[in-house]
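Heads up: the structure comes next, in structure tokens.
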Amino acid sequence: MKSLWAPWRFPYLKGKKPDHCIFCLGSHLQDRDRYILHRGRSSYVIMNAYPYSNGHLMVAPYRHLQGLDKLSRSALGDLLATTQLAISVLKTIYKPEGFNIGINIGKAAGAGIEEHLHLHVVPRWNGDTNFMSSVSDLRVIPEGLRHAYDQLRPAFRKLTAGRSGRRLPKRQGRRAATGRKK
């Protein structure tokens with residue numbers, strides 16, 4: 001029998017959750033270390049560390065909120081515009097044949113991190129369901145996260161070059177990133 005080696009999934013499978021919200025950007029880590037691809041006015045794009053397919057991205061508001069009803073109209077518009085940007089980048093880099101776009105609000109709806117709203121952007125291809133998903137509840141992701149990041153990040157920068165108000169400075173204080181006071 002052959003083995004599939006995927007050590008990056010072990011923390012997820014063990015159910016170990018970090019003691020902080022992974023979507024709140026108050027961390028000292030750089031964007032590359034957190035897999036943050038793009039920062040918009042009130043939302044940003046981050047790679048999913050446990051993807052369903054190559055290029056599985058998430059779009060989240062900076063504010064720590066549980067539901068869409070808590071977002072202002074402006075923040076909701078930016079969330080969707082940022083999602084639209086993510087789709088454009090994925091079309092350029094991976095050329096998917098479709099997308100699943102979804103928001104799970106609440107544990108009953110399948111939210112793994114229910115305390116911070118986030119939207120999933122999952123590229124899809126015809127025939128991308130394989131036997132691994134069918135017989136063992138396992139997905140094979142052939143591309144490493146760093147390699148994917150190195151392909152996607154320049155595409156986000158290229159598509160947003162010259163757009164005013166779309167990118168925040170690389171390093172910023174906690175208050176600017178999250179909208180919260182220190």
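Following the order of the structure tokens, first chain is A, next is B, and so on, with residues numbered from 1 inside each chain and ligands from 1 in the order they appear.
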Using only C-alpha atoms, determine which residues lie at most 9 Å from segment 154-161 of chain A, disregarding the query and same-chain residues fewer than 6 positions distant; provide the list as a ChimeraX atom specification. /A:37-38,85-86,88-90,92-93,167
Proximity of segment 53-82 of chain A to segment 103-119 of chain A: per-residue shortest pair, 12 Å limit, only C-alpha atoms, as a tab-separated table:
```
residue	atom	partner	partner_atom	distance
A:His56	CA	A:Leu119	CA	10.6
A:Leu57	CA	A:Leu119	CA	8.4
A:Met58	CA	A:Leu119	CA	5.4
A:Val59	CA	A:Leu119	CA	5.1
A:Ala60	CA	A:His118	CA	4.4
A:Pro61	CA	A:His118	CA	7.1
A:Tyr62	CA	A:His116	CA	9.2
A:Arg63	CA	A:His116	CA	8.0
A:His64	CA	A:His116	CA	5.2
A:Leu65	CA	A:His116	CA	5.1
A:Gln66	CA	A:Glu115	CA	4.9
A:Gly67	CA	A:Leu117	CA	5.8
A:Leu68	CA	A:Leu117	CA	7.3
A:Asp69	CA	A:Leu117	CA	10.4
A:Lys70	CA	A:Leu117	CA	9.6
A:Leu71	CA	A:Leu117	CA	9.7
A:Leu76	CA	A:Leu117	CA	11.2
A:Leu79	CA	A:Leu119	CA	8.6
A:Leu80	CA	A:Leu119	CA	9.3
A:Thr82	CA	A:Leu119	CA	10.3
```
Separation of atom CA of Gly98 of chain A from atom CA of Arg124 of chain A in Å: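 Rounded to one decimal, the two atoms are 5.0 Å apart.
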Compile the contact shell of Lys95 of chain A as JSON, numbers by chain: residues with an atom at most 9 Å away, counting only C-alpha atoms, same-chain residues fewer than 4 positions apart removed. {"A": [90, 91, 123, 125]}
So which bits of segment 61-162 of chain A end up strand (DSSP E) when you DSSP the backbone, as a ChimeraX atom specification? /A:61,98-102,119-124
Grab the residues selected above and save them as a PDB file, in the first residue's frame with C-alpha atoms.
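The result, stored in selection_24.pdb:
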```pdb
ATOM      1  CA  PRO A  61     -13.261  41.606   6.905  1.00  0.00           C
ATOM      2  CA  GLY A  98     -16.058  27.089 -12.061  1.00  0.00           C
ATOM      3  CA  PHE A  99     -16.121  28.241  -8.444  1.00  0.00           C
ATOM      4  CA  ASN A 100     -17.814  27.440  -5.178  1.00  0.00           C
ATOM      5  CA  ILE A 101     -18.283  30.663  -3.219  1.00  0.00           C
ATOM      6  CA  GLY A 102     -19.670  30.293   0.277  1.00  0.00           C
ATOM      7  CA  LEU A 119     -16.014  33.809   2.704  1.00  0.00           C
ATOM      8  CA  HIS A 120     -14.560  30.780   0.877  1.00  0.00           C
ATOM      9  CA  VAL A 121     -13.533  30.972  -2.779  1.00  0.00           C
ATOM     10  CA  VAL A 122     -12.916  27.441  -4.063  1.00  0.00           C
ATOM     11  CA  PRO A 123     -11.847  26.979  -7.694  1.00  0.00           C
ATOM     12  CA  ARG A 124     -13.305  23.916  -9.412  1.00  0.00           C
TER      13      ARG A 124
END
```
